[in-house]
>>> print(open('data.txt').read())   # compact mmCIF, C-alpha atoms
# COMPACT_ATOMS: atom_id res chain seq x y z
CA MET Z 3 0.00 0.00 0.00
CA LYS Z 4 1.43 3.32 -1.10
CA ILE Z 5 0.76 6.40 1.03
CA LEU Z 6 1.92 9.93 0.35
CA MET Z 7 2.18 12.17 3.40
CA GLY Z 8 2.42 15.95 3.32
CA THR Z 9 5.49 16.29 5.54
CA SER Z 10 9.11 15.28 5.86
CA ASN Z 11 8.91 15.18 9.67
CA PRO Z 12 10.18 11.72 10.73
CA GLY Z 13 8.11 11.63 13.94
CA LYS Z 14 4.88 12.33 12.06
CA ILE Z 15 5.74 9.79 9.35
CA GLU Z 16 6.47 7.09 11.93
CA GLY Z 17 3.24 7.79 13.81
CA ALA Z 18 1.20 7.58 10.61
CA LYS Z 19 2.98 4.36 9.59
CA GLN Z 20 2.16 2.75 12.94
CA ALA Z 21 -1.51 3.72 12.58
CA PHE Z 22 -1.89 2.37 9.04
CA GLU Z 23 -0.01 -0.85 9.91
CA LYS Z 24 -2.72 -1.67 12.45
CA TYR Z 25 -5.24 -2.05 9.59
CA PHE Z 26 -3.31 -2.59 6.35
CA ASN Z 27 -0.45 -4.75 5.10
CA ASN Z 28 2.72 -3.69 3.29
CA VAL Z 29 2.45 -0.03 4.27
CA GLU Z 30 4.92 2.29 2.55
CA ILE Z 31 4.81 6.00 3.38
CA GLU Z 32 6.66 8.60 1.36
CA GLY Z 33 6.94 11.94 3.11
CA ILE Z 34 6.85 15.01 0.86
CA SER Z 35 7.15 18.48 2.30
CA VAL Z 36 4.25 20.62 1.05
CA SER Z 37 2.82 23.91 2.24
CA SER Z 38 -0.11 24.23 4.61
CA ASP Z 39 -0.86 27.71 3.24
CA VAL Z 40 -1.56 28.91 6.80
CA GLY Z 41 0.69 30.64 9.33
CA GLU Z 42 3.61 28.98 11.08
CA GLN Z 43 1.42 28.67 14.18
CA PRO Z 44 -2.04 27.52 13.11
CA ILE Z 45 -4.77 28.78 15.42
CA ASN Z 46 -8.35 27.50 15.71
CA GLU Z 47 -9.89 26.75 12.28
CA GLU Z 48 -6.50 27.23 10.59
CA ILE Z 49 -5.42 23.84 12.00
CA LEU Z 50 -7.95 21.86 9.96
CA LYS Z 51 -7.63 24.23 7.00
CA GLY Z 52 -3.84 23.80 6.98
CA CYS Z 53 -4.16 20.02 7.15
CA LYS Z 54 -6.65 19.90 4.27
CA ASN Z 55 -4.44 22.30 2.29
CA ARG Z 56 -1.49 19.95 2.76
CA VAL Z 57 -3.52 17.06 1.31
CA GLU Z 58 -4.59 19.19 -1.67
CA ASN Z 59 -1.03 20.42 -2.26
CA LEU Z 60 0.23 16.86 -1.94
CA LYS Z 61 -2.24 15.65 -4.59
CA LYS Z 62 -1.13 18.46 -6.92
CA TYR Z 63 2.50 17.49 -6.35
CA ALA Z 64 1.67 13.84 -7.05
CA LEU Z 65 -0.13 14.74 -10.27
CA GLU Z 66 2.72 16.96 -11.48
CA ASN Z 67 5.27 14.23 -10.68
CA ASN Z 68 3.22 11.27 -11.92
CA LEU Z 69 2.98 9.68 -8.45
CA LYS Z 70 0.11 7.40 -7.53
CA ALA Z 71 -1.02 6.49 -4.03
CA ASP Z 72 -3.73 4.60 -2.21
CA PHE Z 73 -3.95 7.37 0.40
CA TYR Z 74 -2.95 11.03 0.64
CA ILE Z 75 -2.52 12.12 4.24
CA ALA Z 76 -1.40 15.03 6.39
CA SER Z 77 -1.31 16.16 9.99
CA GLU Z 78 -1.19 19.63 11.44
CA ALA Z 79 -0.49 20.73 15.00
CA GLY Z 80 -1.91 23.93 16.36
CA ILE Z 81 -3.47 25.72 19.28
CA THR Z 82 -7.10 26.51 19.91
CA ASN Z 83 -9.20 28.33 22.47
CA LEU Z 84 -12.54 27.25 21.00
CA LEU Z 85 -13.31 25.26 24.18
CA GLY Z 86 -12.62 28.22 26.46
CA GLU Z 87 -9.01 27.35 27.33
CA TRP Z 88 -5.88 27.36 25.17
CA ILE Z 89 -5.00 23.81 24.20
CA GLY Z 90 -2.60 22.17 21.79
CA ILE Z 91 -4.06 19.67 19.34
CA ASN Z 92 -3.15 17.69 16.25
CA ILE Z 93 -5.50 17.07 13.35
CA ALA Z 94 -5.07 14.40 10.67
CA VAL Z 95 -6.73 14.20 7.27
CA VAL Z 96 -6.84 10.94 5.33
CA GLU Z 97 -8.04 10.87 1.72
CA ASN Z 98 -8.19 7.69 -0.32
CA SER Z 99 -7.58 7.47 -4.07
CA ASP Z 100 -11.36 7.73 -4.68
CA GLY Z 101 -11.41 11.16 -2.99
CA PHE Z 102 -13.13 10.04 0.23
CA GLN Z 103 -11.75 12.20 3.04
CA SER Z 104 -11.94 11.84 6.82
CA VAL Z 105 -10.58 13.75 9.81
CA GLY Z 106 -9.15 12.76 13.18
CA VAL Z 107 -8.24 14.80 16.24
CA SER Z 108 -5.65 13.97 18.90
CA GLN Z 109 -5.64 14.06 22.63
CA ARG Z 110 -5.30 17.62 23.81
CA PHE Z 111 -3.12 19.37 26.38
CA GLN Z 112 -3.62 22.70 28.06
CA ILE Z 113 -1.14 25.49 27.45
CA PRO Z 114 -0.34 27.87 30.32
CA LYS Z 115 -1.61 31.40 29.70
CA LYS Z 116 1.88 32.83 30.32
CA TYR Z 117 3.12 31.31 27.03
CA ILE Z 118 0.18 32.06 24.71
CA ASN Z 119 1.32 35.42 23.33
CA GLU Z 120 4.83 34.11 22.66
CA ILE Z 121 3.42 31.02 20.94
CA ILE Z 122 1.07 33.10 18.77
CA ASP Z 123 3.96 35.41 17.82
CA THR Z 124 6.30 32.51 16.93
CA GLU Z 125 5.08 28.92 17.23
CA LEU Z 126 4.63 26.28 19.91
CA GLY Z 127 7.69 24.28 18.80
CA LYS Z 128 10.04 27.25 19.19
CA VAL Z 129 8.65 28.04 22.64
CA MET Z 130 9.04 24.39 23.69
CA ASP Z 131 12.64 24.41 22.41
CA ARG Z 132 13.32 27.47 24.56
CA ILE Z 133 11.58 26.13 27.67
CA PHE Z 134 13.37 22.76 27.53
CA ASN Z 135 16.65 24.18 26.14
CA LYS Z 136 16.49 21.84 23.12
CA ASN Z 137 16.63 22.25 19.36
CA LYS Z 138 13.86 21.10 16.99
CA LEU Z 139 11.88 19.08 19.52
CA ASN Z 140 9.07 18.90 16.97
CA THR Z 141 11.04 16.58 14.67
CA GLY Z 142 11.61 13.80 17.20
CA LYS Z 143 9.66 12.78 20.26
CA GLY Z 144 8.24 16.27 20.47
CA GLY Z 145 7.78 18.62 23.37
CA ILE Z 146 4.87 16.46 24.54
CA SER Z 147 7.40 13.80 25.60
CA PHE Z 148 8.98 16.32 27.98
CA LEU Z 149 5.61 17.53 29.26
CA THR Z 150 4.45 13.95 29.99
CA HIS Z 151 7.83 12.79 31.30
CA ASN Z 152 8.25 10.41 28.36
CA GLU Z 153 4.79 8.82 28.64
CA ILE Z 154 3.48 10.20 25.34
CA SER Z 155 5.56 11.20 22.32
CA ARG Z 156 4.77 13.05 19.10
CA ILE Z 157 4.77 9.62 17.45
CA ASP Z 158 2.06 8.45 19.89
CA LEU Z 159 -0.06 11.56 19.31
CA THR Z 160 0.29 11.27 15.55
CA ARG Z 161 -0.49 7.53 15.55
CA ASN Z 162 -3.64 8.02 17.61
CA THR Z 163 -4.76 10.99 15.53
CA PHE Z 164 -4.46 8.93 12.33
CA ILE Z 165 -6.31 6.01 13.94
CA MET Z 166 -9.18 8.42 14.63
CA ALA Z 167 -9.02 9.64 11.02
CA LEU Z 168 -9.11 6.05 9.73
CA ILE Z 169 -12.37 5.15 11.52
CA GLU Z 170 -14.53 5.84 8.47
CA HIS Z 171 -12.09 4.04 6.15
CA ILE Z 172 -11.82 0.86 8.22
CA ASN Z 173 -15.54 0.56 8.99
CA GLY Z 174 -16.86 0.94 5.47
CA GLU Z 175 -20.47 1.94 5.04
CA LEU Z 176 -21.23 1.20 8.69
CA TRP Z 177 -19.77 4.52 9.84
CA LYS Z 178 -19.98 6.65 6.69
>>> encode(input="data.txt", output="structure tokens")
Amino acid sequence: MKILMGTSNPGKIEGAKQAFEKYFNNVEIEGISVSSDVGEQPINEEILKGCKNRVENLKKYALENNLKADFYIASEAGITNLLGEWIGINIAVVENSDGFQSVGVSQRFQIPKKYINEIIDTELGKVMDRIFNKNKLNTGKGGISFLTHNEISRIDLTRNTFIMALIEHINGELWK
């Protein structure tokens, strides 16, 4: 099974691979960096919009480069206050070769108010790098691994987000 993913982030690719391997055989994911066409720090509705944009940009890239896939997928991390508190979330979009698209959302974690303005002005990953005195936490285990004392990694969040996005694909007409 050939999957194109709209990122070159190894943690996101591994999380997606683990999710798809739970339901499909011979999973091969090729990561391709494409634009989300939203800001560096997606906020509220921009998170889903950026994720859907990545899938669309990935399909355009595939068409221009004569690439075929069974699935076109993307994930986008962002922050939202739509529930009354600032939280960090991940969203995944999975689209099959027939154009059927579904969405999944990750577990969420609250962000302290003292960091919100800095995050909005830059991005969560850069703030996490500063807080934990690391470099590019978002490409490995992620800042979430530090926040949870290594209980949950970016790979875990991404895997679970893609499992949620796959619900409609793995349950056929029952859930559509």
>>> residues_around(input="data.txt", residues="stretch 97-102 of chain Z", least_positions_apart="2", cutoff="7 Å", atoms="all atoms listed in the file", output="MDAnalysis selection string")
chainID Z and resid 71:75 95 104
>>> closest_atom_pairs(input="data.txt", of="stretch 61-108 of chain Z", to="stretch 121-125 of chain Z", cutoff="12 Å", atoms="all atoms listed in the file", output="JSON lines")
{"residue": "Z:Ala79", "atom": "CA", "partner": "Z:Glu125", "partner_atom": "CA", "distance": 10.2}
{"residue": "Z:Gly80", "atom": "CA", "partner": "Z:Glu125", "partner_atom": "CA", "distance": 8.6}
{"residue": "Z:Ile81", "atom": "CA", "partner": "Z:Ile122", "partner_atom": "CA", "distance": 8.7}
{"residue": "Z:Thr82", "atom": "CA", "partner": "Z:Ile122", "partner_atom": "CA", "distance": 10.6}
{"residue": "Z:Asn83", "atom": "CA", "partner": "Z:Ile122", "partner_atom": "CA", "distance": 11.9}
{"residue": "Z:Trp88", "atom": "CA", "partner": "Z:Ile121", "partner_atom": "CA", "distance": 10.9}
{"residue": "Z:Ile89", "atom": "CA", "partner": "Z:Ile121", "partner_atom": "CA", "distance": 11.6}
{"residue": "Z:Gly90", "atom": "CA", "partner": "Z:Ile121", "partner_atom": "CA", "distance": 10.7}
>>> atom_distance(input="data.txt", atom1="atom CA of Z:Ser10", atom2="atom CA of Z:Leu126")
18.4 Å
>>> closest_residue(input="data.txt", among="Z:Ile45, Z:Ile5, Z:Ile146, Z:Ile169", to="Z:Ala76", atoms="all atoms listed in the file")
Z:Ile5
>>> atom_distance(input="data.txt", atom1="atom CA of Z:Ile91", atom2="atom CA of Z:Gly174")
26.6 Å
>>> residues_around(input="data.txt", residues="Z:Ser77", least_positions_apart="4", cutoff="7 Å", atoms="all atoms listed in the file", output="count of residues only")
5
>>> closest_residue(input="data.txt", among="Z:Gln20, Z:Ile15, Z:Glu78, Z:Glu66", to="Z:Ser38", atoms="all atoms listed in the file")
Z:Glu78
>>> atom_distance(input="data.txt", atom1="atom CA of Z:Leu168", atom2="atom CA of Z:Val40")
24.3 Å
>>> closest_residue(input="data.txt", among="Z:Leu65, Z:Leu6, Z:Ile172, Z:Leu50", to="Z:Glu30", atoms="all atoms listed in the file")
Z:Leu6
>>> residues_around(input="data.txt", residues="Z:Lys62", least_positions_apart="4", cutoff="12 Å", atoms="only C-alpha atoms", output="PyMOL selection string")
chain Z and resi 6+8+34+36-37+55-58+66-70+74
>>> closest_residue(input="data.txt", among="Z:Ile49, Z:Leu85, Z:Leu159, Z:Val96", to="Z:Gln112", atoms="all atoms listed in the file")
Z:Leu85
>>> closest_residue(input="data.txt", among="Z:Met7, Z:Leu84, Z:Val107, Z:Ile154", to="Z:Tyr63", atoms="only C-alpha atoms")
Z:Met7
>>> residues_around(input="data.txt", residues="Z:Glu16", least_positions_apart="5", cutoff="9 Å", atoms="only C-alpha atoms", output="list in words")
Asn11, Ala21, Ile31, Ile157, Thr160 and Arg161 of chain Z
>>> write_last_selection(input="data.txt", atoms="C-alpha atoms", output="CSV table (one decimal), in the coordinates of the input")
chain,number,residue,atom,x,y,z
Z,11,ASN,CA,8.9,15.2,9.7
Z,21,ALA,CA,-1.5,3.7,12.6
Z,31,ILE,CA,4.8,6.0,3.4
Z,157,ILE,CA,4.8,9.6,17.4
Z,160,THR,CA,0.3,11.3,15.6
Z,161,ARG,CA,-0.5,7.5,15.6
>>> closest_residue(input="data.txt", among="Z:Ile118, Z:Thr9, Z:Gly144, Z:Ala18", to="Z:Asn59", atoms="all atoms listed in the file")
Z:Thr9
